[in-house]
>>> print(open('input16.txt').read())   # compact mmCIF, C-alpha atoms
# COMPACT_ATOMS: atom_id res chain seq x y z
CA MET A 156 0.00 0.00 0.00
CA LYS A 157 1.37 3.39 -0.97
CA ASN A 158 2.00 5.88 1.82
CA SER A 159 -0.16 8.86 0.90
CA ILE A 160 1.33 11.43 3.33
CA VAL A 161 4.89 12.72 3.20
CA ARG A 162 6.35 12.64 6.71
CA ALA A 163 9.60 13.81 8.26
CA ALA A 164 12.45 11.30 8.39
CA GLY A 165 12.22 11.19 12.18
CA LEU A 166 8.68 9.83 11.91
CA GLN A 167 9.62 6.99 9.58
CA ILE A 168 11.04 3.54 10.24
CA ARG A 169 14.72 3.62 9.33
CA ASN A 170 14.99 -0.02 8.22
CA GLN A 171 13.48 -0.12 4.73
CA ARG A 172 12.63 -3.85 4.86
CA ILE A 173 10.72 -3.45 8.13
CA ARG A 174 9.06 -0.27 6.86
CA ASP A 175 7.79 -2.04 3.74
CA ALA A 176 6.46 -4.91 5.87
CA VAL A 177 4.63 -2.52 8.22
CA LEU A 178 3.06 -0.42 5.48
CA ASN A 179 2.52 -2.99 2.72
CA GLY A 180 1.98 -6.24 4.60
CA VAL A 181 4.17 -9.13 5.71
CA PRO A 182 6.14 -10.66 2.80
CA LYS A 183 6.00 -14.37 1.96
CA THR A 184 9.38 -14.86 3.62
CA GLY A 185 7.89 -13.80 6.97
CA PRO A 186 8.23 -10.74 9.21
CA PRO A 187 11.72 -9.20 8.97
CA THR A 188 11.58 -8.41 12.69
CA LEU A 189 11.89 -12.13 13.47
CA ARG A 190 15.58 -13.05 13.47
CA SER A 191 15.12 -16.81 13.31
CA ARG A 192 14.58 -18.23 9.83
CA TRP A 193 12.58 -21.03 11.41
CA ALA A 194 10.27 -18.52 13.17
CA ARG A 195 9.78 -16.56 9.93
CA SER A 196 8.90 -19.72 8.01
CA ARG A 197 6.33 -20.75 10.65
CA TYR A 198 4.64 -17.33 10.79
CA VAL A 199 1.10 -17.12 9.40
CA SER A 200 -0.64 -13.73 9.07
CA PRO A 201 -4.22 -13.56 10.38
CA GLU A 202 -6.68 -13.87 7.51
CA GLY A 203 -7.72 -10.53 6.03
CA ILE A 204 -5.35 -8.45 8.15
CA ASN A 205 -3.69 -6.75 5.16
CA GLU A 206 -7.03 -5.65 3.71
CA ALA A 207 -8.24 -4.39 7.11
CA PHE A 208 -4.96 -2.52 7.63
CA SER A 209 -5.27 -0.82 4.22
CA LEU A 210 -8.75 0.47 5.06
CA ALA A 211 -7.66 1.62 8.52
CA LYS A 212 -4.60 3.36 7.05
CA GLU A 213 -6.79 5.38 4.71
CA ILE A 214 -8.86 6.62 7.66
CA VAL A 215 -5.73 7.40 9.67
CA ASP A 216 -4.15 9.33 6.78
CA LYS A 217 -7.34 11.33 6.24
CA GLU A 218 -7.48 12.28 9.92
CA ALA A 219 -3.77 13.14 9.89
CA ALA A 220 -4.23 15.40 6.86
CA ASN A 221 -7.04 17.28 8.64
CA HIS A 222 -4.90 17.87 11.74
CA LYS A 223 -1.89 18.93 9.66
CA SER A 224 -4.08 21.44 7.84
CA ALA A 225 -5.36 22.77 11.17
CA ALA A 226 -1.78 22.95 12.47
CA GLY A 227 -0.78 25.04 9.47
CA GLU A 228 -3.56 27.54 10.18
CA VAL A 229 -2.59 27.78 13.85
CA GLU A 230 1.05 28.31 12.90
CA LYS A 231 0.07 31.28 10.73
CA GLU A 232 -1.85 32.79 13.64
CA LEU A 233 1.10 32.18 15.94
CA LYS A 234 3.46 34.17 13.71
CA SER A 235 1.20 37.22 13.84
CA ALA A 236 0.25 36.96 17.54
CA THR A 237 1.81 39.46 19.94
CA GLY A 238 0.40 38.84 23.43
CA GLU A 239 2.19 36.28 25.60
CA GLU A 240 -1.01 34.57 26.73
CA GLN A 241 -2.29 34.37 23.17
CA ARG A 242 1.00 32.95 21.90
CA ALA A 243 1.08 30.37 24.72
CA GLU A 244 -2.48 29.26 23.91
CA LEU A 245 -1.74 29.02 20.19
CA ALA A 246 1.49 27.08 20.84
CA LYS A 247 -0.46 24.63 22.99
CA ASN A 248 -3.10 24.26 20.25
CA LEU A 249 -0.39 23.74 17.62
CA GLU A 250 1.21 21.01 19.74
CA HIS A 251 -2.20 19.33 20.08
CA HIS A 252 -2.76 19.14 16.32
CA LEU A 253 0.80 17.93 15.65
CA VAL A 254 0.38 15.14 18.19
CA LYS A 255 -3.04 14.13 16.84
CA SER A 256 -1.76 14.06 13.27
CA GLU A 257 0.74 11.30 14.15
CA PHE A 258 -1.01 9.59 17.06
CA HIS A 259 -2.15 6.57 15.00
CA ASN A 260 0.82 6.52 12.63
CA PRO A 261 2.02 2.86 12.57
CA GLU A 262 5.61 3.90 11.88
CA VAL A 263 5.66 6.17 14.93
CA ARG A 264 4.14 3.44 17.08
CA PHE A 265 6.73 0.92 15.86
CA ASN A 266 9.65 3.29 16.49
CA PHE A 267 8.42 4.07 19.99
CA MET A 268 7.80 0.41 20.80
CA VAL A 269 11.36 -0.66 19.89
CA LYS A 270 12.84 2.70 21.02
CA ASP A 271 14.47 3.15 17.61
CA SER A 272 14.98 6.57 16.05
CA VAL A 273 12.86 8.34 18.67
CA ASP A 274 13.45 12.04 18.01
CA LEU A 275 12.11 13.96 21.01
CA ASN A 276 12.06 17.15 19.00
CA GLU A 277 8.88 15.69 17.50
CA PRO A 278 5.77 16.47 19.60
CA ILE A 279 4.31 12.98 19.19
CA TYR A 280 7.36 11.29 20.70
CA ARG A 281 7.37 13.72 23.62
CA TYR A 282 3.68 12.99 24.20
CA LEU A 283 4.15 9.21 24.11
CA SER A 284 7.24 9.42 26.34
CA ARG A 285 5.43 11.53 28.92
CA THR A 286 2.42 9.18 28.88
CA GLU A 287 4.67 6.17 29.46
CA TRP A 288 6.63 7.95 32.20
CA ALA A 289 3.50 9.24 33.97
CA ALA A 290 1.96 5.75 34.01
CA LYS A 291 4.70 4.23 36.18
CA GLU A 292 8.01 5.98 36.82
CA MET A 293 6.49 9.32 37.84
CA LEU A 294 4.17 7.54 40.29
CA ILE A 295 7.10 5.67 41.83
CA LEU A 296 9.07 8.93 42.11
CA MET A 297 6.28 10.80 43.90
CA GLN A 298 5.56 7.85 46.18
CA ARG A 299 9.22 7.63 47.23
CA LEU A 300 9.60 11.38 47.72
CA GLU A 301 6.61 11.38 50.06
CA GLN A 302 7.33 8.03 51.72
CA HIS A 303 10.87 9.12 52.66
CA HIS A 304 9.71 12.67 53.50
CA VAL A 305 11.93 14.34 50.93
CA ILE A 306 8.74 16.36 50.53
CA PRO A 307 8.45 18.46 52.68
CA ASP A 308 11.84 18.07 54.44
CA THR A 309 13.72 19.67 51.55
CA MET A 310 11.16 21.32 49.23
CA PRO A 311 7.46 21.84 50.04
CA THR A 312 6.05 20.08 46.97
CA LEU A 313 6.72 19.11 43.37
CA ASP A 314 4.72 19.27 40.16
CA PRO A 315 6.86 16.84 38.12
CA ARG A 316 7.33 17.94 34.52
CA ALA A 317 10.74 16.49 33.72
CA GLN A 318 12.11 12.97 34.04
CA VAL A 319 15.38 13.06 35.99
CA ASP A 320 17.70 10.10 35.51
CA VAL A 321 20.76 9.57 37.72
CA GLN A 322 23.59 7.16 36.89
CA PHE A 323 26.86 6.61 38.70
CA VAL A 324 30.01 5.60 36.85
CA THR A 325 30.05 1.84 37.42
CA PRO A 326 30.72 -1.14 35.11
CA THR A 327 26.96 -1.53 34.54
CA MET A 328 26.12 2.22 34.30
CA SER A 329 22.51 1.37 35.06
CA SER A 330 19.77 3.63 36.36
CA PHE A 331 18.15 2.94 39.73
CA GLU A 332 14.76 3.56 41.26
CA PRO A 333 14.33 6.57 43.57
CA GLY A 334 15.00 5.61 47.18
CA SER A 335 17.42 2.77 46.41
CA PHE A 336 20.26 2.02 48.83
CA LEU A 337 23.68 2.46 47.23
CA SER A 338 27.20 1.76 48.40
CA ASN A 339 29.25 4.77 49.42
CA GLU A 340 31.96 3.64 47.02
CA VAL A 341 29.46 3.64 44.12
CA CYS A 342 28.53 7.25 44.97
CA GLU A 343 32.15 8.38 45.22
CA ARG A 344 32.09 10.46 42.03
CA ARG A 345 29.55 12.92 40.72
CA PRO A 346 26.74 11.09 38.91
CA ARG A 347 25.66 11.57 35.33
CA ILE A 348 22.31 13.34 35.27
CA SER A 349 19.85 13.70 32.41
CA ILE A 350 16.81 15.98 32.42
CA GLN A 351 14.16 14.92 29.93
CA GLU A 352 11.60 17.67 29.38
CA PHE A 353 8.30 16.80 27.70
CA GLU A 354 7.59 20.35 26.59
CA PRO A 355 9.49 22.23 23.86
CA ILE A 356 12.71 23.66 25.32
CA ALA A 357 13.58 27.18 24.22
CA LYS A 358 17.19 27.82 23.19
CA ASP A 359 17.74 30.25 26.07
CA SER A 360 16.34 27.90 28.77
CA LEU A 361 18.56 27.37 31.81
CA TYR A 362 18.40 24.79 34.61
CA SER A 363 19.93 24.20 38.04
CA VAL A 364 20.85 20.93 39.78
CA VAL A 365 21.21 20.74 43.58
CA ILE A 366 22.06 17.66 45.67
CA VAL A 367 21.45 17.89 49.41
CA ASN A 368 21.61 15.58 52.42
CA PRO A 369 19.03 16.61 55.07
CA ASP A 370 20.08 13.88 57.53
CA VAL A 371 23.34 15.17 59.00
CA PRO A 372 23.17 14.80 62.82
CA ASP A 373 23.02 18.11 64.70
CA LEU A 374 24.00 17.24 68.26
CA GLU A 375 23.76 20.79 69.61
CA ASN A 376 20.09 21.05 68.70
CA ASP A 377 19.32 17.33 69.07
CA SER A 378 18.09 17.31 65.48
CA PHE A 379 19.34 17.09 61.90
CA LYS A 380 20.73 19.69 59.51
CA THR A 381 21.16 19.88 55.74
CA LEU A 382 24.49 19.52 54.00
CA LEU A 383 24.98 20.69 50.41
CA HIS A 384 26.75 18.03 48.35
CA TYR A 385 26.58 19.63 44.91
CA ALA A 386 25.18 22.70 43.16
CA ALA A 387 25.39 23.75 39.51
CA VAL A 388 23.46 26.49 37.70
CA ASN A 389 23.10 27.83 34.15
CA ILE A 390 22.77 24.33 32.67
CA ARG A 391 21.68 24.03 29.04
CA ILE A 392 19.85 20.99 27.67
CA SER A 393 17.62 20.23 24.69
CA ASN A 394 14.79 17.80 24.00
CA ASP A 395 17.04 15.45 22.02
CA ALA A 396 20.16 15.94 24.22
CA PRO A 397 18.96 15.70 27.83
CA GLU A 398 22.25 14.75 29.50
CA VAL A 399 23.75 17.54 31.58
CA ASP A 400 27.14 18.80 30.44
CA PHE A 401 28.57 19.97 33.75
CA ALA A 402 31.67 21.30 32.03
CA GLN A 403 29.52 24.02 30.45
CA ALA A 404 27.63 24.81 33.68
CA THR A 405 28.50 27.13 36.55
CA GLU A 406 29.42 25.11 39.64
CA LEU A 407 28.59 26.76 42.96
CA ALA A 408 29.77 23.76 45.01
CA ASP A 409 31.77 20.80 43.76
CA TYR A 410 30.64 17.24 44.44
CA LEU A 411 31.12 15.96 47.98
CA PRO A 412 30.77 12.14 48.22
CA PRO A 413 28.50 10.58 50.86
CA HIS A 414 30.30 9.79 54.13
CA PRO A 415 27.68 8.80 56.75
CA GLU A 416 28.51 8.39 60.42
CA LYS A 417 28.68 4.96 62.00
CA ASN A 418 25.37 3.83 63.56
CA ALA A 419 23.60 6.94 62.27
CA PRO A 420 20.25 6.46 60.51
CA ALA A 421 20.15 6.05 56.74
CA GLN A 422 20.83 9.30 54.94
CA ARG A 423 18.78 10.62 52.02
CA PHE A 424 20.53 12.24 49.07
CA CYS A 425 18.00 14.41 47.28
CA VAL A 426 18.55 15.60 43.72
CA TRP A 427 16.45 18.62 42.76
CA VAL A 428 16.22 20.07 39.25
CA PHE A 429 15.03 23.64 38.82
CA ARG A 430 14.10 25.73 35.81
CA GLN A 431 15.69 29.19 35.90
CA PRO A 432 13.91 32.35 34.72
CA ALA A 433 17.29 34.02 34.07
CA ARG A 434 21.01 33.43 34.44
CA VAL A 435 22.21 32.90 38.03
CA GLU A 436 25.47 34.63 38.85
CA GLY A 437 28.04 32.54 40.69
CA ALA A 438 28.20 33.22 44.41
CA GLU A 439 29.75 31.61 47.46
CA ILE A 440 27.34 29.40 49.36
CA SER A 441 27.81 27.53 52.61
CA ARG A 442 27.54 23.74 52.64
CA GLU A 443 26.72 23.49 56.34
CA GLY A 444 23.10 24.23 57.14
CA PHE A 445 22.25 24.84 53.49
CA ASP A 446 18.67 26.08 53.04
CA ILE A 447 17.49 24.81 49.65
CA ARG A 448 14.14 26.58 49.94
CA GLN A 449 15.81 29.92 50.56
CA PHE A 450 18.20 29.28 47.65
CA ALA A 451 15.32 28.46 45.29
CA GLY A 452 13.28 31.45 46.44
CA ALA A 453 16.15 33.92 46.20
CA ASN A 454 16.80 32.93 42.56
CA ASN A 455 13.13 32.43 41.58
CA LEU A 456 13.80 28.79 40.71
CA GLU A 457 10.93 26.50 39.72
CA ALA A 458 11.23 22.82 40.68
CA VAL A 459 10.46 20.59 37.68
CA GLY A 460 12.02 17.25 38.66
CA ALA A 461 13.73 15.27 41.39
CA HIS A 462 15.42 12.00 42.30
CA MET A 463 16.91 10.46 45.43
CA TRP A 464 19.01 7.64 46.81
CA ARG A 465 19.98 6.49 50.31
CA VAL A 466 23.22 5.39 51.96
CA ARG A 467 24.34 3.86 55.27
CA TYR A 468 27.72 3.46 56.89
CA ASP A 469 29.38 0.48 55.19
CA LEU A 470 32.79 -1.12 54.69
CA THR A 471 33.78 1.48 52.09
CA THR A 472 32.96 4.56 54.18
CA ASP A 473 36.33 4.79 55.95
CA PHE A 474 38.10 4.43 52.60
CA ILE A 475 36.07 7.35 51.18
CA ARG A 476 36.76 9.48 54.24
CA ALA A 477 40.50 8.80 54.04
CA LYS A 478 40.68 9.41 50.29
CA TYR A 479 38.96 12.80 50.46
CA GLY A 480 40.34 13.94 53.81
CA LEU A 481 36.97 13.95 55.57
CA GLY A 482 38.21 12.79 58.98
CA PRO A 483 37.29 9.70 60.98
CA GLY A 484 33.72 10.71 61.71
CA SER A 485 31.76 9.84 64.82
CA VAL A 486 30.18 6.74 66.28
CA TYR A 487 26.60 7.12 67.51
CA PHE A 488 24.67 5.07 70.07
CA ARG A 489 21.02 4.76 70.96
CA ALA A 490 21.43 7.11 73.96
CA ARG A 491 24.16 9.59 74.76
CA THR A 492 25.68 8.65 78.15
CA ALA A 493 28.96 9.11 79.95
CA LYS A 494 29.60 5.41 80.46
CA PRO A 495 33.34 4.57 80.29
CA GLU A 496 32.80 1.57 78.04
CA GLU A 497 31.16 3.76 75.42
CA ALA A 498 33.98 6.28 75.57
CA LEU A 499 36.40 3.39 75.11
CA LEU A 500 34.57 2.40 71.93
CA HIS A 501 35.09 5.92 70.58
CA VAL A 502 38.83 5.68 71.32
CA ARG A 503 39.08 2.31 69.62
CA HIS A 504 37.25 3.65 66.58
CA ARG A 505 39.67 6.57 66.29
CA GLN A 506 42.68 4.26 66.73
CA LYS A 507 41.29 2.00 64.02
CA TRP A 508 40.85 5.05 61.78
CA GLU A 509 44.40 6.30 62.35
CA LYS A 510 45.77 2.85 61.61
CA PHE A 511 43.66 2.71 58.44
CA VAL A 512 44.94 6.09 57.20
CA GLU A 513 48.59 5.32 57.98
CA THR A 514 48.52 1.92 56.27
CA PRO A 515 50.31 2.40 52.91
CA SER A 516 48.38 1.25 49.88
CA LYS A 517 49.80 -1.78 48.13
>>> encode(input="input16.txt", output="structure tokens")
Amino acid sequence: MKNSIVRAAGLQIRNQRIRDAVLNGVPKTGPPTLRSRWARSRYVSPEGINEAFSLAKEIVDKEAANHKSAAGEVEKELKSATGEEQRAELAKNLEHHLVKSEFHNPEVRFNFMVKDSVDLNEPIYRYLSRTEWAAKEMLILMQRLEQHHVIPDTMPTLDPRAQVDVQFVTPTMSSFEPGSFLSNEVCERRPRISIQEFEPIAKDSLYSVVIVNPDVPDLENDSFKTLLHYAAVNIRISNDAPEVDFAQATELADYLPPHPEKNAPAQRFCVWVFRQPARVEGAEISREGFDIRQFAGANNLEAVGAHMWRVRYDLTTDFIRAKYGLGPGSVYFRARTAKPEEALLHVRHRQKWEKFVETPSK
């Protein structure tokens, strides 16, 4: 069957053999998506499916042509519009028609299913990606942020509009679910972070990334305080290049690896992504007692995404502390007392630390 609508290359299946099979029916040799010759030879198409597909494709193409025509009219209005509210409404309407024009396109559906040639500059792919993300991953994110009290301990709330992916440099380089426990050694170096927006990103858009730990023991006030572990502003991303290039950003605080205290509760490391209304000038900020809400308010930052992980004291913590000169740390107990045996444990811990630091590496 001939494809009656000319579409952009990003909306087409790149493999010509698969594209012909999708649009014109499965060849006698079997579906090209099946790698096994035996599986292809055993495949039998449902009776009448090619005829039904041809009729359905005609309806889909007719509907797509109507929406493309409507999109063209809206685009003309958008060029002549002057008011910000009017332009925003027209841009939203234009996006709607562009999505509807490709919503039932079998090539788009195939590309998105196999995650092949998915160009997120195209509105339809952004729409499908957001729908898939909102159905599962966004729900998990919000559940973990509320379950572990990241909201409201760090920021008061979040209207998630961007998918934030965090990966540490490990042999697997795999993503992890928000709230996962990670080894301190795994978190030793700054993670790779990607920010996937599902709305069109303007060329002058800027973002900020802040990583905080709100679980640092504060013995003087018998509470906890927040420690800033990383802050970068003036980050540029695009829809098709979501990974953050920290080399091009302005770092306000370099990355400080997790180094929890022994016997202290699990610590939450909260990654917040903000959208900036304007460029943020570099300024000195204090790590100790960092107030992320005050920082966001002072710079008019809008939270659009988040992520988190957790750590405990483990066998690699002393190694991290020694490597980065963070000191031996403290040992905490269920109740603070002046019992001699507990003081002796503190001494033994420090002696163990000093021996660990002085031991030459082999």
>>> residues_around(input="input16.txt", residues="region 245-254 of chain A", least_positions_apart="5", cutoff="7 Å", atoms="only C-alpha atoms", output="number ranges by chain")
A: 222-223, 225-226, 229-230, 233, 278-279
>>> closest_residue(input="input16.txt", among="A:Glu262, A:Glu416, A:Asp216, A:Asp409", to="Ile475 (chain A)", atoms="all atoms listed in the file")
A:Glu416
>>> residues_around(input="input16.txt", residues="Pro315 (chain A)", least_positions_apart="4", cutoff="9 Å", atoms="all atoms listed in the file", output="ChimeraX atom specification")
/A:293,297,458-461
>>> closest_residue(input="input16.txt", among="A:Ser191, A:Asn276, A:Ser200, A:Asn205", to="Pro355 (chain A)", atoms="only C-alpha atoms")
A:Asn276
>>> residues_near_point(input="input16.txt", point="(16.5, 6.9, 42.5)", cutoff="8 Å", atoms="only C-alpha atoms", output="list in words")
Leu296, Asp320, Val321, Ser330, Phe331, Glu332, Pro333, Gly334, Ser335, His462, Met463 and Trp464 of chain A
>>> closest_residue(input="input16.txt", among="A:Arg299, A:Lys212, A:Arg281, A:Arg174", to="Ile356 (chain A)", atoms="only C-alpha atoms")
A:Arg281
>>> atom_distance(input="input16.txt", atom1="CA of Ser485 (chain A)", atom2="CA of Arg442 (chain A)")
19.0 Å
>>> residues_around(input="input16.txt", residues="Asp175 (chain A)", least_positions_apart="5", cutoff="12 Å", atoms="all atoms listed in the file", output="list in words")
Met156, Lys157, Asn158, Gln167, Ile168, Arg169, Asn170, Gly180, Val181, Pro182, Pro186, Pro187, Thr188, Pro261 and Glu262 of chain A
>>> write_last_selection(input="input16.txt", atoms="C-alpha atoms", output="tab-separated table (two decimals), in the coordinates of the input")
chain	number	residue	atom	x	y	z
A	156	MET	CA	0.00	0.00	0.00
A	157	LYS	CA	1.37	3.39	-0.97
A	158	ASN	CA	2.00	5.88	1.82
A	167	GLN	CA	9.62	6.99	9.58
A	168	ILE	CA	11.04	3.54	10.24
A	169	ARG	CA	14.72	3.62	9.33
A	170	ASN	CA	14.99	-0.02	8.22
A	180	GLY	CA	1.98	-6.24	4.60
A	181	VAL	CA	4.17	-9.13	5.71
A	182	PRO	CA	6.14	-10.66	2.80
A	186	PRO	CA	8.23	-10.74	9.21
A	187	PRO	CA	11.72	-9.20	8.97
A	188	THR	CA	11.58	-8.41	12.69
A	261	PRO	CA	2.02	2.86	12.57
A	262	GLU	CA	5.61	3.90	11.88
>>> closest_residue(input="input16.txt", among="A:Ala421, A:Ala404, A:Ala176, A:Val486", to="Val371 (chain A)", atoms="all atoms listed in the file")
A:Ala421
>>> closest_residue(input="input16.txt", among="A:Ala211, A:Val435, A:Val263, A:Leu382", to="Gly165 (chain A)", atoms="only C-alpha atoms")
A:Val263
>>> atom_distance(input="input16.txt", atom1="CA of Tyr280 (chain A)", atom2="CA of Arg172 (chain A)")
22.5 Å
>>> atom_distance(input="input16.txt", atom1="CA of Val269 (chain A)", atom2="CA of Thr184 (chain A)")
21.7 Å
>>> closest_atom_pairs(input="input16.txt", of="region 386-422 of chain A", to="region 451-454 of chain A", cutoff="12 Å", atoms="only C-alpha atoms", output="Markdown table")
| residue | atom | partner | partner_atom | distance |
| --- | --- | --- | --- | --- |
| A:Ala386 | CA | A:Ala451 | CA | 11.6 |
| A:Val388 | CA | A:Asn454 | CA | 10.5 |
| A:Asn389 | CA | A:Asn454 | CA | 11.7 |
>>> write_last_selection(input="input16.txt", atoms="C-alpha atoms", output="compact mmCIF listing (two decimals), keeping the file's coordinate frame")
# COMPACT_ATOMS: atom_id res chain seq x y z
CA ALA A 386 25.18 22.70 43.16
CA VAL A 388 23.46 26.49 37.70
CA ASN A 389 23.10 27.83 34.15
>>> closest_residue(input="input16.txt", among="A:Lys231, A:Arg192, A:Arg467, A:Arg347", to="Pro397 (chain A)", atoms="only C-alpha atoms")
A:Arg347
>>> axis_aligned_box(input="input16.txt", around="region 204-219 of chain A", padding_each_side="3 Å", output="lines of an AutoDock Vina configuration file")
center_x = -6.3
center_y = 2.3
center_z = 6.8
size_x = 11.2
size_y = 27.6
size_z = 12.2
>>> residues_around(input="input16.txt", residues="Met310 (chain A)", least_positions_apart="5", cutoff="10 Å", atoms="only C-alpha atoms", output="number ranges by chain")
A: 304-305, 425, 427, 446-449, 451, 458
>>> write_last_selection(input="input16.txt", atoms="C-alpha atoms", output="compact mmCIF listing (two decimals), keeping the file's coordinate frame")
# COMPACT_ATOMS: atom_id res chain seq x y z
CA HIS A 304 9.71 12.67 53.50
CA VAL A 305 11.93 14.34 50.93
CA CYS A 425 18.00 14.41 47.28
CA TRP A 427 16.45 18.62 42.76
CA ASP A 446 18.67 26.08 53.04
CA ILE A 447 17.49 24.81 49.65
CA ARG A 448 14.14 26.58 49.94
CA GLN A 449 15.81 29.92 50.56
CA ALA A 451 15.32 28.46 45.29
CA ALA A 458 11.23 22.82 40.68
>>> decode(input="input16.txt", residues="region 328-384 of chain A", atoms="C-alpha atoms", output="mmCIF file, in the first residue's frame")
data_model
loop_
_atom_site.group_PDB
_atom_site.id
_atom_site.type_symbol
_atom_site.label_atom_id
_atom_site.label_comp_id
_atom_site.auth_asym_id
_atom_site.auth_seq_id
_atom_site.Cartn_x
_atom_site.Cartn_y
_atom_site.Cartn_z
ATOM 1 C CA MET A 328 26.116 2.218 34.303
ATOM 2 C CA SER A 329 22.510 1.365 35.063
ATOM 3 C CA SER A 330 19.771 3.625 36.364
ATOM 4 C CA PHE A 331 18.147 2.938 39.726
ATOM 5 C CA GLU A 332 14.755 3.565 41.263
ATOM 6 C CA PRO A 333 14.335 6.571 43.565
ATOM 7 C CA GLY A 334 15.002 5.613 47.176
ATOM 8 C CA SER A 335 17.420 2.775 46.408
ATOM 9 C CA PHE A 336 20.258 2.016 48.832
ATOM 10 C CA LEU A 337 23.677 2.462 47.225
ATOM 11 C CA SER A 338 27.197 1.756 48.399
ATOM 12 C CA ASN A 339 29.252 4.773 49.419
ATOM 13 C CA GLU A 340 31.958 3.635 47.016
ATOM 14 C CA VAL A 341 29.462 3.640 44.125
ATOM 15 C CA CYS A 342 28.532 7.247 44.970
ATOM 16 C CA GLU A 343 32.152 8.378 45.221
ATOM 17 C CA ARG A 344 32.086 10.462 42.031
ATOM 18 C CA ARG A 345 29.548 12.916 40.717
ATOM 19 C CA PRO A 346 26.742 11.089 38.911
ATOM 20 C CA ARG A 347 25.665 11.571 35.325
ATOM 21 C CA ILE A 348 22.315 13.336 35.270
ATOM 22 C CA SER A 349 19.852 13.700 32.411
ATOM 23 C CA ILE A 350 16.806 15.977 32.418
ATOM 24 C CA GLN A 351 14.157 14.917 29.934
ATOM 25 C CA GLU A 352 11.595 17.669 29.382
ATOM 26 C CA PHE A 353 8.302 16.795 27.697
ATOM 27 C CA GLU A 354 7.591 20.355 26.585
ATOM 28 C CA PRO A 355 9.493 22.227 23.860
ATOM 29 C CA ILE A 356 12.706 23.657 25.320
ATOM 30 C CA ALA A 357 13.585 27.178 24.221
ATOM 31 C CA LYS A 358 17.192 27.820 23.191
ATOM 32 C CA ASP A 359 17.736 30.253 26.071
ATOM 33 C CA SER A 360 16.340 27.903 28.768
ATOM 34 C CA LEU A 361 18.556 27.366 31.811
ATOM 35 C CA TYR A 362 18.402 24.794 34.607
ATOM 36 C CA SER A 363 19.930 24.201 38.038
ATOM 37 C CA VAL A 364 20.851 20.927 39.785
ATOM 38 C CA VAL A 365 21.207 20.739 43.575
ATOM 39 C CA ILE A 366 22.060 17.657 45.670
ATOM 40 C CA VAL A 367 21.449 17.893 49.411
ATOM 41 C CA ASN A 368 21.614 15.578 52.424
ATOM 42 C CA PRO A 369 19.033 16.611 55.065
ATOM 43 C CA ASP A 370 20.080 13.882 57.534
ATOM 44 C CA VAL A 371 23.344 15.171 59.004
ATOM 45 C CA PRO A 372 23.174 14.804 62.823
ATOM 46 C CA ASP A 373 23.016 18.110 64.696
ATOM 47 C CA LEU A 374 24.000 17.244 68.262
ATOM 48 C CA GLU A 375 23.764 20.789 69.613
ATOM 49 C CA ASN A 376 20.092 21.054 68.703
ATOM 50 C CA ASP A 377 19.321 17.333 69.069
ATOM 51 C CA SER A 378 18.086 17.309 65.482
ATOM 52 C CA PHE A 379 19.339 17.092 61.903
ATOM 53 C CA LYS A 380 20.732 19.693 59.506
ATOM 54 C CA THR A 381 21.162 19.875 55.742
ATOM 55 C CA LEU A 382 24.491 19.524 53.997
ATOM 56 C CA LEU A 383 24.981 20.694 50.410
ATOM 57 C CA HIS A 384 26.754 18.029 48.346
#
